[in-house]
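**Student:** Just final-v8.txt, nothing more (compact mmCIF, C-alpha atoms and all ligand atoms):
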# COMPACT_ATOMS: atom_id res chain seq x y z
CA MET A 1 -54.12 39.27 45.86
CA GLU A 2 -56.50 39.43 48.80
CA ARG A 3 -55.02 36.32 50.42
CA ALA A 4 -51.50 37.67 49.93
CA LEU A 5 -52.44 40.94 51.64
CA GLN A 6 -53.91 39.03 54.56
CA ILE A 7 -50.71 37.03 54.95
CA ILE A 8 -48.57 40.18 54.74
CA ASN A 9 -50.73 41.80 57.45
CA LYS A 10 -50.32 38.75 59.63
CA LEU A 11 -46.56 38.81 59.09
CA GLN A 12 -46.48 42.45 60.16
CA ARG A 13 -48.42 41.66 63.33
CA GLU A 14 -47.08 38.26 64.31
CA HIS A 15 -43.79 37.87 62.44
CA ASP A 16 -44.70 34.35 61.61
CA ALA A 17 -46.36 32.44 58.78
CA GLY A 18 -46.85 28.87 57.65
CA ARG A 19 -45.04 27.23 54.76
CA ASP A 20 -48.02 27.48 52.38
CA GLU A 21 -48.46 31.14 53.25
CA LEU A 22 -44.80 31.88 52.54
CA ILE A 23 -45.01 30.08 49.20
CA HIS A 24 -48.14 32.03 48.31
CA VAL A 25 -46.46 35.37 49.00
CA LEU A 26 -43.27 34.36 47.18
CA LYS A 27 -45.36 33.78 44.07
CA ILE A 28 -47.25 37.10 43.96
CA ASP A 29 -46.75 39.21 40.84
CA ASP A 30 -47.05 42.61 42.49
CA SER A 31 -44.45 42.58 45.24
CA LYS A 32 -44.96 46.24 46.19
CA PRO A 33 -47.18 45.68 49.29
CA LEU A 34 -44.71 43.09 50.60
CA LEU A 35 -41.69 45.33 50.15
CA VAL A 36 -43.48 48.32 51.72
CA ALA A 37 -44.52 46.22 54.74
CA ALA A 38 -40.92 45.03 55.18
CA ASP A 39 -39.61 48.59 54.90
CA LYS A 40 -42.01 49.75 57.63
CA THR A 41 -41.03 46.84 59.86
CA ARG A 42 -37.36 47.67 59.30
CA GLU A 43 -38.01 51.26 60.34
CA ARG A 44 -39.95 50.24 63.42
CA PHE A 45 -37.48 47.65 64.72
CA VAL A 46 -34.01 48.80 63.62
CA GLY A 47 -34.62 52.40 62.60
CA ASP A 48 -33.08 54.46 59.84
CA GLU A 49 -29.44 53.65 60.50
CA VAL A 50 -27.59 51.65 57.87
CA HIS A 51 -24.52 49.91 59.24
CA LEU A 52 -21.37 49.76 57.15
CA ARG A 53 -19.11 46.72 57.40
CA GLY A 54 -15.69 46.89 55.78
CA LEU A 55 -15.15 43.73 53.73
CA ILE A 56 -11.64 42.30 53.37
CA GLU A 57 -11.41 39.37 50.95
CA LEU A 58 -8.21 37.88 52.27
CA THR A 59 -7.79 34.82 50.06
CA ASN A 60 -9.22 33.39 46.85
CA PHE A 61 -7.76 29.92 47.46
CA CYS A 62 -10.46 27.40 48.28
CA ARG A 63 -10.37 23.67 48.83
CA ASN A 64 -14.08 23.29 48.05
CA THR A 65 -15.80 22.90 44.72
CA CYS A 66 -19.21 24.59 45.11
CA LEU A 67 -20.68 24.35 41.61
CA TYR A 68 -21.68 28.03 41.40
CA CYS A 69 -18.52 29.67 42.69
CA GLY A 70 -15.65 31.07 40.65
CA LEU A 71 -13.19 30.33 43.47
CA ARG A 72 -13.88 26.57 43.37
CA ALA A 73 -10.69 24.49 43.57
CA GLN A 74 -11.19 23.06 40.09
CA ASN A 75 -11.10 26.45 38.42
CA LYS A 76 -7.59 26.43 37.01
CA ASN A 77 -8.07 29.69 35.09
CA LEU A 78 -7.90 31.86 38.17
CA LYS A 79 -4.73 33.44 39.48
CA ARG A 80 -4.72 32.75 43.20
CA TYR A 81 -3.60 35.01 46.04
CA HIS A 82 -3.60 35.13 49.78
CA MET A 83 -2.93 38.34 51.64
CA SER A 84 -0.22 38.07 54.25
CA VAL A 85 -1.32 38.26 57.88
CA GLY A 86 0.41 41.65 58.10
CA ASP A 87 -1.42 42.97 55.02
CA VAL A 88 -4.78 41.89 56.41
CA ILE A 89 -4.09 43.76 59.64
CA LYS A 90 -2.88 46.85 57.73
CA THR A 91 -5.94 46.85 55.48
CA ALA A 92 -8.19 46.55 58.54
CA ARG A 93 -6.36 49.48 60.10
CA VAL A 94 -7.00 51.64 57.03
CA ALA A 95 -10.69 50.65 57.10
CA ALA A 96 -10.97 51.46 60.82
CA ASP A 97 -9.29 54.82 60.20
CA MET A 98 -11.90 55.48 57.52
CA GLY A 99 -14.52 55.18 60.25
CA LEU A 100 -15.75 51.63 59.72
CA LYS A 101 -16.92 50.01 62.94
CA THR A 102 -16.98 46.40 61.74
CA ILE A 103 -14.35 44.52 59.77
CA VAL A 104 -15.41 41.38 57.90
CA LEU A 105 -12.72 38.86 56.99
CA GLN A 106 -14.00 36.68 54.16
CA GLY A 107 -12.30 34.10 52.03
CA GLY A 108 -12.21 30.64 50.57
CA GLU A 109 -11.37 27.68 52.78
CA ASP A 110 -7.61 28.06 52.66
CA ALA A 111 -5.20 26.08 54.84
CA TYR A 112 -2.55 28.78 54.31
CA TYR A 113 -3.76 30.48 57.49
CA SER A 114 -3.27 28.42 60.63
CA LEU A 115 -5.78 28.72 63.44
CA GLU A 116 -3.13 30.72 65.29
CA ASP A 117 -2.86 33.12 62.32
CA ILE A 118 -6.61 33.64 62.29
CA CYS A 119 -6.72 34.25 66.03
CA TYR A 120 -3.76 36.63 65.82
CA MET A 121 -5.48 38.68 63.10
CA ILE A 122 -8.66 38.85 65.19
CA THR A 123 -6.82 40.00 68.31
CA ARG A 124 -4.85 42.65 66.46
CA ILE A 125 -7.88 43.97 64.57
CA LYS A 126 -9.92 44.15 67.78
CA GLU A 127 -7.32 46.62 69.06
CA PHE A 128 -8.70 49.11 66.52
CA GLY A 129 -11.97 49.28 68.47
CA VAL A 130 -14.08 47.52 65.85
CA ALA A 131 -16.34 44.49 65.77
CA VAL A 132 -14.87 41.53 63.88
CA THR A 133 -16.96 39.29 61.63
CA LEU A 134 -15.52 36.15 60.08
CA SER A 135 -16.68 34.38 56.94
CA LEU A 136 -14.07 31.69 56.40
CA GLY A 137 -16.18 28.59 55.98
CA GLU A 138 -16.51 25.37 57.94
CA PHE A 139 -14.33 24.52 60.96
CA PRO A 140 -14.54 22.09 63.85
CA ARG A 141 -16.10 23.42 67.02
CA TYR A 142 -12.81 23.82 68.89
CA ALA A 143 -11.53 26.13 66.13
CA TYR A 144 -14.63 28.33 66.27
CA LYS A 145 -14.20 28.41 70.03
CA LYS A 146 -10.61 29.68 69.72
CA MET A 147 -11.74 32.36 67.27
CA ARG A 148 -14.45 33.46 69.65
CA GLN A 149 -11.98 33.53 72.54
CA ALA A 150 -9.62 35.63 70.41
CA GLY A 151 -12.41 38.21 70.22
CA ALA A 152 -14.39 37.53 67.04
CA ASP A 153 -17.92 38.83 67.43
CA ARG A 154 -19.81 37.44 64.46
CA TYR A 155 -19.63 34.66 61.87
CA LEU A 156 -21.28 34.39 58.46
CA LEU A 157 -21.91 30.95 57.01
CA ARG A 158 -24.73 30.63 54.54
CA ILE A 159 -26.64 27.39 54.40
CA GLU A 160 -26.96 28.24 50.66
CA THR A 161 -30.05 26.01 50.34
CA THR A 162 -31.88 23.91 52.91
CA ASN A 163 -32.97 21.38 50.32
CA LYS A 164 -30.70 18.45 51.04
CA ARG A 165 -30.84 17.08 47.50
CA LEU A 166 -29.99 20.43 45.93
CA TYR A 167 -27.36 21.05 48.61
CA GLY A 168 -25.73 17.72 47.75
CA LYS A 169 -25.70 18.53 44.05
CA MET A 170 -24.23 22.00 44.52
CA HIS A 171 -21.57 21.05 47.06
CA PRO A 172 -19.60 17.94 46.11
CA GLY A 173 -17.69 16.65 49.12
CA LEU A 174 -19.52 18.83 51.66
CA SER A 175 -22.22 17.60 54.02
CA PHE A 176 -25.44 19.40 54.81
CA GLU A 177 -25.36 17.97 58.31
CA ASN A 178 -21.93 19.42 58.97
CA ARG A 179 -23.06 22.84 57.72
CA VAL A 180 -25.95 22.75 60.19
CA ARG A 181 -23.58 21.55 62.93
CA CYS A 182 -21.33 24.56 62.24
CA LEU A 183 -24.25 26.98 62.56
CA GLY A 184 -25.38 25.37 65.82
CA ASP A 185 -21.85 25.57 67.25
CA LEU A 186 -21.49 29.22 66.24
CA LYS A 187 -24.76 30.15 67.95
CA ASP A 188 -23.87 28.13 70.99
CA LEU A 189 -20.43 29.75 71.30
CA GLY A 190 -22.04 33.18 71.42
CA PHE A 191 -21.21 34.44 67.95
CA GLU A 192 -23.78 36.65 66.33
CA THR A 193 -24.53 34.14 63.63
CA GLY A 194 -25.34 34.93 60.05
CA THR A 195 -26.60 32.60 57.38
CA GLY A 196 -28.55 32.91 54.17
CA CYS A 197 -29.11 31.39 50.78
CA LEU A 198 -28.63 31.79 47.08
CA VAL A 199 -31.75 32.74 45.19
CA GLY A 200 -32.28 31.24 41.75
CA LEU A 201 -29.97 28.24 41.85
CA PRO A 202 -30.74 25.88 38.95
CA GLY A 203 -33.40 23.45 40.17
CA GLN A 204 -34.51 25.60 43.12
CA THR A 205 -38.26 26.07 43.66
CA TYR A 206 -40.45 28.46 45.68
CA ASP A 207 -41.14 25.60 48.09
CA MET A 208 -37.43 25.31 48.78
CA LEU A 209 -37.13 29.06 49.37
CA ALA A 210 -40.01 28.89 51.86
CA ASP A 211 -38.14 26.11 53.66
CA ASP A 212 -35.03 28.32 53.73
CA LEU A 213 -37.08 31.07 55.42
CA ILE A 214 -38.40 28.64 58.02
CA PHE A 215 -34.84 27.44 58.70
CA PHE A 216 -33.67 31.05 59.30
CA LYS A 217 -36.53 31.63 61.72
CA GLU A 218 -35.93 28.37 63.59
CA LEU A 219 -32.22 29.07 63.92
CA ASP A 220 -33.09 32.60 65.11
CA ALA A 221 -30.28 33.85 62.87
CA ASP A 222 -28.82 37.22 63.86
CA MET A 223 -27.95 38.17 60.26
CA ILE A 224 -29.23 36.95 56.92
CA GLY A 225 -27.40 37.52 53.65
CA LEU A 226 -29.25 36.70 50.46
CA GLY A 227 -28.22 37.19 46.90
CA PRO A 228 -29.32 36.20 43.45
CA PHE A 229 -27.25 33.42 41.89
CA ILE A 230 -24.95 34.96 39.27
CA PRO A 231 -23.52 32.47 36.74
CA SER A 232 -19.76 32.51 36.92
CA PRO A 233 -17.47 31.62 33.98
CA ASP A 234 -15.24 28.58 34.42
CA THR A 235 -17.82 26.85 36.62
CA PRO A 236 -20.23 24.03 35.73
CA LEU A 237 -23.13 26.52 36.02
CA ALA A 238 -21.61 29.14 33.69
CA HIS A 239 -24.45 28.86 31.17
CA GLN A 240 -27.39 28.69 33.56
CA ARG A 241 -29.91 31.48 34.00
CA PRO A 242 -29.16 34.04 36.74
CA GLY A 243 -31.41 34.38 39.77
CA ASP A 244 -34.30 36.82 39.61
CA VAL A 245 -33.75 40.14 41.40
CA ASP A 246 -37.44 40.48 42.27
CA VAL A 247 -37.51 37.09 43.95
CA ALA A 248 -34.32 37.97 45.86
CA LEU A 249 -35.96 41.20 47.06
CA LYS A 250 -39.10 39.30 48.11
CA MET A 251 -36.85 37.01 50.14
CA VAL A 252 -35.16 40.01 51.81
CA ALA A 253 -38.59 41.41 52.66
CA LEU A 254 -39.87 38.10 54.07
CA VAL A 255 -36.74 37.72 56.20
CA ARG A 256 -37.32 41.19 57.65
CA LEU A 257 -40.94 40.36 58.45
CA LEU A 258 -40.07 37.01 60.04
CA LEU A 259 -37.05 38.25 62.01
CA PRO A 260 -37.80 41.95 62.48
CA ASP A 261 -34.80 43.00 64.59
CA ILE A 262 -31.90 41.30 62.81
CA ASN A 263 -29.23 42.75 60.53
CA ILE A 264 -29.78 42.20 56.82
CA PRO A 265 -27.24 43.35 54.25
CA SER A 266 -28.12 44.63 50.85
CA THR A 267 -25.61 42.24 49.30
CA THR A 268 -22.87 42.68 46.73
CA ALA A 269 -24.63 40.14 44.48
CA LEU A 270 -27.75 42.36 44.48
CA GLY A 271 -25.63 45.43 43.78
CA THR A 272 -23.83 43.60 40.98
CA ILE A 273 -26.77 42.10 39.11
CA ALA A 274 -28.87 45.31 39.10
CA GLY A 275 -27.59 48.88 38.79
CA ASP A 276 -29.84 50.03 41.64
CA GLY A 277 -29.62 46.72 43.53
CA TYR A 278 -28.15 48.11 46.76
CA LYS A 279 -30.81 50.78 46.93
CA ARG A 280 -33.64 48.37 46.24
CA GLY A 281 -32.33 46.02 48.94
CA LEU A 282 -32.30 48.85 51.47
CA GLU A 283 -35.88 49.71 50.47
CA SER A 284 -37.04 46.11 50.93
CA GLY A 285 -35.95 45.50 54.52
CA ALA A 286 -32.13 45.57 54.46
CA ASN A 287 -30.14 47.78 56.88
CA VAL A 288 -26.48 46.94 56.18
CA ILE A 289 -23.99 47.54 53.34
CA MET A 290 -20.56 45.91 53.16
CA PRO A 291 -18.23 48.16 51.17
CA ASN A 292 -15.21 46.39 49.75
CA MET A 293 -11.92 47.41 51.38
CA GLY A 294 -9.72 45.44 48.98
CA MET A 295 -6.99 46.92 46.85
CA GLY A 296 -7.45 46.71 43.06
CA HIS A 297 -5.44 43.66 42.04
CA TYR A 298 -6.78 41.44 44.83
CA LYS A 299 -10.33 42.50 44.35
CA LYS A 300 -10.44 41.49 40.71
CA LEU A 301 -9.15 38.04 41.59
CA TYR A 302 -11.79 37.47 44.27
CA SER A 303 -14.26 36.51 41.58
CA LEU A 304 -17.03 34.49 43.16
CA TYR A 305 -19.01 35.75 40.15
CA PRO A 306 -18.35 38.32 37.40
CA GLY A 307 -19.30 42.00 37.28
CA LYS A 308 -18.14 43.29 40.68
CA MET A 309 -17.67 47.05 40.68
CA ALA A 310 -14.12 48.35 40.41
CA GLY A 311 -12.90 51.12 42.69
CA SER A 312 -10.81 51.98 45.72
CA PRO A 313 -12.01 51.42 49.31
CA GLN A 314 -12.69 55.16 49.48
CA GLN A 315 -14.86 55.00 46.37
CA HIS A 316 -16.82 52.01 47.64
CA LEU A 317 -17.40 53.68 50.98
CA GLY A 318 -18.38 56.96 49.30
CA ASN A 319 -20.77 55.13 47.01
CA ALA A 320 -22.43 53.34 49.94
CA LYS A 321 -22.78 56.61 51.86
CA ASN A 322 -24.35 58.32 48.84
CA ILE A 323 -26.92 55.56 48.49
CA ILE A 324 -27.79 55.81 52.20
CA ARG A 325 -28.17 59.60 52.01
CA SER A 326 -30.22 59.42 48.81
CA LEU A 327 -32.75 57.36 50.76
CA ASP A 328 -32.81 59.85 53.65
CA ARG A 329 -31.37 57.24 55.93
CA ARG A 330 -28.50 57.66 58.39
CA ILE A 331 -25.07 56.07 58.53
CA GLY A 332 -24.76 53.77 61.54
CA THR A 333 -22.64 55.24 64.31
CA GLY A 334 -22.07 52.19 66.52
CA GLN A 335 -20.88 48.65 65.89
CA GLY A 336 -24.39 47.65 64.89
CA PHE A 337 -25.09 44.56 66.95
CA ARG A 338 -28.50 42.95 66.89
CA ALA A 339 -30.93 44.64 69.30
CA VAL A 340 -29.47 44.31 72.80
CA SER A 341 -32.36 42.23 74.11
CA HIS A 342 -31.31 39.41 71.80
CA SER A 343 -27.59 39.78 72.03
CA CYS A 344 -25.86 36.64 73.17
CA PHE A 345 -22.64 38.61 73.39
CA ASN A 346 -20.87 37.92 76.64
N1 LIG B 401 -15.93 30.42 51.54
C1 LIG B 401 -16.83 31.07 52.42
C2 LIG B 401 -16.98 32.55 52.15
C3 LIG B 401 -16.82 33.04 50.74
S1 LIG B 401 -18.11 32.67 49.65
C4 LIG B 401 -18.18 30.39 52.34
O1 LIG B 401 -18.46 29.72 51.36
O2 LIG B 401 -18.94 30.55 53.29
C5 LIG B 401 -19.36 33.81 50.18
C6 LIG B 401 -20.72 33.61 49.55
O3 LIG B 401 -20.67 33.94 48.17
C7 LIG B 401 -21.24 32.19 49.55
O4 LIG B 401 -21.88 31.90 50.76
C8 LIG B 401 -22.19 32.17 48.35
O5 LIG B 401 -23.55 32.23 48.76
C9 LIG B 401 -21.82 33.42 47.57
N2 LIG B 401 -21.56 33.10 46.14
C10 LIG B 401 -20.61 32.28 45.65
N3 LIG B 401 -20.73 32.15 44.31
C11 LIG B 401 -21.79 32.90 43.94
C12 LIG B 401 -22.43 33.17 42.69
N4 LIG B 401 -22.01 32.60 41.56
N5 LIG B 401 -23.50 34.00 42.68
C13 LIG B 401 -23.93 34.58 43.83
N6 LIG B 401 -23.37 34.37 45.04
C14 LIG B 401 -22.31 33.52 45.10
FE1 LIG B 402 -15.12 28.05 48.43
FE2 LIG B 402 -17.04 29.59 49.54
FE3 LIG B 402 -16.68 29.50 46.87
FE4 LIG B 402 -17.67 27.36 48.09
S1 LIG B 402 -18.64 29.41 47.97
S2 LIG B 402 -16.03 27.34 46.52
S3 LIG B 402 -16.57 27.42 50.04
S4 LIG B 402 -15.25 30.30 48.36
Kindly present the structure from the file in structure tokens form.
Ligand code: SAH
Ligand code: SF4
**Tutor:**
Amino acid sequence: MERALQIINKLQREHDAGRDELIHVLKIDDSKPLLVAADKTRERFVGDEVHLRGLIELTNFCRNTCLYCGLRAQNKNLKRYHMSVGDVIKTARVAADMGLKTIVLQGGEDAYYSLEDICYMITRIKEFGVAVTLSLGEFPRYAYKKMRQAGADRYLLRIETTNKRLYGKMHPGLSFENRVRCLGDLKDLGFETGTGCLVGLPGQTYDMLADDLIFFKELDADMIGLGPFIPSPDTPLAHQRPGDVDVALKMVALVRLLLPDINIPSTTALGTIAGDGYKRGLESGANVIMPNMGMGHYKKLYSLYPGKMAGSPQQHLGNAKNIIRSLDRRIGTGQGFRAVSHSCFN
């Protein structure tokens, strides 16, 4: 334990560590000192505010076949939907009226929306005085550029795993190199860029997770979303073991220590796999919650994995606020960009 404590101290001071050091800390049994150090670093760099981002899951159509995901194209047992452009804008309006300062548009890779549609939604939603985050998958650079020009502020695209072999296995038809190209383009175009990984994918090791952490640091990601892998029915991984919550929390903590001023959500996957998952994420370095703004029938169909909480947008928002208050933290009042000194927003 002594070596682990030394590494944690170094992380608190220098926000850096070598691969072997990260692996060592990922393997410790008693994660308490790590989580406490991350919580202190969170307080010091981003304070007590927890930012709320209203999540709109606009489509469950997807052309891809990621092995872990319930929305994969080959899942024929799922009723598919896409929200109309008008419905997306209306839902965003309701969320903005509820006080949310960021709207996140997330969905499968769905050709139903043209680039013009996406840009139109961005422009209209920006009129509500909110920040707009997109999480719509891989696009060529010119498309990201148009989205940025239409006013999108942020983009989430997880690398999922930086191990090329595991990436190849999990993502038939996708290329690791193109994923990295997308992230580079997003950064370059001035998006606040979010990435992240799945924790506990079959075949994943601590060494691979350490490499993921190094990748996040090298990219200087502005947001990192991490969640435990949750086996989803009707996928090839339906009968695999789920990811370990404690390892996911250690990853959250290490991200906070390595990139002290970024935004880190306590993710839906954490909240789904453990009853107190959101709270534990917020106590381990996270400073963001993304309440679901979807209406009932859509939300059930957006089944990346099973077990998502039911409820109206109001209930999700209320629930998030209660968790924040129960921790004596404050609800974010602004749009919650990364600390101004780092902002590439122009
Ligand atoms: N299609 C877009 C956005 C929707 S998927 C994209 O892939 O980027 C959003 C995230 O859900 C993915 O990045 C993935 O990490 C996560 N996810 C998918 N299936 C999951 C599962 N079974 N367990 C946990 N997280 C999952
Ligand atoms: Fe599609 Fe995203 Fe699911 Fe992959 S993770 S199948 S890209 S929705």
**Student:** Measuring between all atoms listed in the file, which one of A:Thr235, A:Asn287, A:Thr102, A:Gln6 shows the shortest distance to A:Ala73?
**Tutor:**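 Closest candidate: A:Thr235.
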**Student:** Counting only C-alpha atoms, which residues come within 12 Å of (-13.1, 52.4, 61.6), with the point read in the file's coordinates, and could you list them as a PDB file with C-alpha atoms, in the frame of the given file?
**Tutor:**
ATOM      1  CA  HIS A  51     -24.520  49.910  59.240  1.00  0.00           C
ATOM      2  CA  LEU A  52     -21.370  49.760  57.150  1.00  0.00           C
ATOM      3  CA  ARG A  53     -19.110  46.720  57.400  1.00  0.00           C
ATOM      4  CA  GLY A  54     -15.690  46.890  55.780  1.00  0.00           C
ATOM      5  CA  LEU A  55     -15.150  43.730  53.730  1.00  0.00           C
ATOM      6  CA  THR A  91      -5.940  46.850  55.480  1.00  0.00           C
ATOM      7  CA  ALA A  92      -8.190  46.550  58.540  1.00  0.00           C
ATOM      8  CA  ARG A  93      -6.360  49.480  60.100  1.00  0.00           C
ATOM      9  CA  VAL A  94      -7.000  51.640  57.030  1.00  0.00           C
ATOM     10  CA  ALA A  95     -10.690  50.650  57.100  1.00  0.00           C
ATOM     11  CA  ALA A  96     -10.970  51.460  60.820  1.00  0.00           C
ATOM     12  CA  ASP A  97      -9.290  54.820  60.200  1.00  0.00           C
ATOM     13  CA  MET A  98     -11.900  55.480  57.520  1.00  0.00           C
ATOM     14  CA  GLY A  99     -14.520  55.180  60.250  1.00  0.00           C
ATOM     15  CA  LEU A 100     -15.750  51.630  59.720  1.00  0.00           C
ATOM     16  CA  LYS A 101     -16.920  50.010  62.940  1.00  0.00           C
ATOM     17  CA  THR A 102     -16.980  46.400  61.740  1.00  0.00           C
ATOM     18  CA  ILE A 103     -14.350  44.520  59.770  1.00  0.00           C
ATOM     19  CA  VAL A 104     -15.410  41.380  57.900  1.00  0.00           C
ATOM     20  CA  ILE A 125      -7.880  43.970  64.570  1.00  0.00           C
ATOM     21  CA  LYS A 126      -9.920  44.150  67.780  1.00  0.00           C
ATOM     22  CA  GLU A 127      -7.320  46.620  69.060  1.00  0.00           C
ATOM     23  CA  PHE A 128      -8.700  49.110  66.520  1.00  0.00           C
ATOM     24  CA  GLY A 129     -11.970  49.280  68.470  1.00  0.00           C
ATOM     25  CA  VAL A 130     -14.080  47.520  65.850  1.00  0.00           C
ATOM     26  CA  ALA A 131     -16.340  44.490  65.770  1.00  0.00           C
ATOM     27  CA  VAL A 132     -14.870  41.530  63.880  1.00  0.00           C
ATOM     28  CA  MET A 293     -11.920  47.410  51.380  1.00  0.00           C
ATOM     29  CA  LEU A 317     -17.400  53.680  50.980  1.00  0.00           C
ATOM     30  CA  GLY A 332     -24.760  53.770  61.540  1.00  0.00           C
ATOM     31  CA  THR A 333     -22.640  55.240  64.310  1.00  0.00           C
ATOM     32  CA  GLY A 334     -22.070  52.190  66.520  1.00  0.00           C
ATOM     33  CA  GLN A 335     -20.880  48.650  65.890  1.00  0.00           C
TER      34      GLN A 335
END
**Student:** Nearest residue to A:Gln204 out of A:Leu166, A:Ile159, A:Ile324, A:Ala17, using all atoms listed in the file?
**Tutor:** A:Leu166
**Student:** Which polymer residues have any atom within 10 Å of an atom of A:Phe61, counting all atoms listed in the file, with same-chain residues fewer than 4 positions away left out, as a VMD selection string?
**Tutor:** chain A and resid 71 to 73 78 to 82 107 to 112 302
**Student:** Determine the nearest neighbour of ligand LIG 401 (chain B) from the options A:Tyr155, A:Phe337, A:Tyr298, A:Tyr206, counting all atoms listed in the file.
**Tutor:**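 Looking at the shortest contact to ligand LIG 401 (chain B), the residue is A:Tyr155.
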**Student:** May I have a table of the residues of chain A lying at most 10 Å from ligand LIG 402 (chain B), giving each one's closest pair of atoms and their distance in Å to one decimal, counting all atoms listed in the file, ordered by chain and ascending residue number, as a Markdown table?
**Tutor:**
| residue | atom | partner | partner_atom | distance |
| --- | --- | --- | --- | --- |
| A:Thr59 | CA | B:LIG402 | S4 | 8.9 |
| A:Asn60 | CA | B:LIG402 | S4 | 6.9 |
| A:Phe61 | CA | B:LIG402 | S4 | 7.6 |
| A:Cys62 | CA | B:LIG402 | FE1 | 4.7 |
| A:Arg63 | CA | B:LIG402 | FE1 | 6.5 |
| A:Asn64 | CA | B:LIG402 | S2 | 4.7 |
| A:Thr65 | CA | B:LIG402 | S2 | 4.8 |
| A:Cys66 | CA | B:LIG402 | FE4 | 4.4 |
| A:Leu67 | CA | B:LIG402 | S2 | 7.4 |
| A:Tyr68 | CA | B:LIG402 | S1 | 7.4 |
| A:Cys69 | CA | B:LIG402 | FE3 | 4.6 |
| A:Gly70 | CA | B:LIG402 | FE3 | 6.5 |
| A:Leu71 | CA | B:LIG402 | FE3 | 4.9 |
| A:Arg72 | CA | B:LIG402 | S2 | 3.9 |
| A:Ala73 | CA | B:LIG402 | S2 | 6.7 |
| A:Gln74 | CA | B:LIG402 | S2 | 9.1 |
| A:Asn75 | CA | B:LIG402 | S2 | 9.5 |
| A:Gln106 | CA | B:LIG402 | S4 | 8.7 |
| A:Gly107 | CA | B:LIG402 | S4 | 6.1 |
| A:Gly108 | CA | B:LIG402 | S4 | 3.8 |
| A:Glu109 | CA | B:LIG402 | FE1 | 5.8 |
| A:Asp110 | CA | B:LIG402 | FE1 | 8.6 |
| A:Ser135 | CA | B:LIG402 | FE2 | 8.8 |
| A:Leu136 | CA | B:LIG402 | FE2 | 7.8 |
| A:Gly137 | CA | B:LIG402 | S3 | 6.1 |
| A:Glu138 | CA | B:LIG402 | S3 | 8.2 |
| A:Leu157 | CA | B:LIG402 | FE2 | 9.0 |
| A:Arg158 | CA | B:LIG402 | S1 | 9.0 |
| A:Glu160 | CA | B:LIG402 | S1 | 8.8 |
| A:Met170 | CA | B:LIG402 | FE4 | 9.2 |
| A:His171 | CA | B:LIG402 | FE4 | 7.5 |
| A:Pro172 | CA | B:LIG402 | FE4 | 9.8 |
| A:Leu174 | CA | B:LIG402 | S3 | 9.2 |
| A:Tyr302 | CA | B:LIG402 | S4 | 9.0 |
| A:Ser303 | CA | B:LIG402 | FE3 | 9.1 |
| A:Leu304 | CA | B:LIG402 | FE3 | 6.2 |
| A:Tyr305 | CA | B:LIG402 | FE3 | 9.5 |
**Student:** For A:Asp16, list every protein, DNA or RNA residue within 6 Å, evaluated using only C-alpha atoms, and leave out those in the same chain fewer than 2 positions away; present the list as a PyMOL selection string.
**Tutor:** chain A and resi 11+14+258
**Student:** Kindly give the distance, in Å, that separates atom CA of A:Thr161 and atom CA of A:Leu34, rounded to a single decimal.
**Tutor:**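 Separating atom CA of A:Thr161 from atom CA of A:Leu34 is a distance of 22.5 Å.
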**Student:** Which residue out of A:Leu249, A:His297, A:Ser266, A:Pro306 has the minimum interatomic distance to A:Ala320 when all atoms listed in the file are used?
**Tutor:**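 Counting all atoms listed in the file, the residue closest to A:Ala320 is A:Ser266.
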**Student:** Have a look at atom CA of A:Gly336 and atom O3 of ligand LIG 401 (chain B) and let me know their distance in Å, one decimal.
**Tutor:**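 Separation of atom CA of A:Gly336 and atom O3 of ligand LIG 401 (chain B): 21.9 Å.
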**Student:** Nearest to ligand LIG 401 (chain B) among A:Met208, A:Leu105, A:Leu259, A:Leu115, with distances taken over all atoms listed in the file: which residue is it?
**Tutor:**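 Checking each candidate against ligand LIG 401 (chain B), we get A:Leu105 as the closest.
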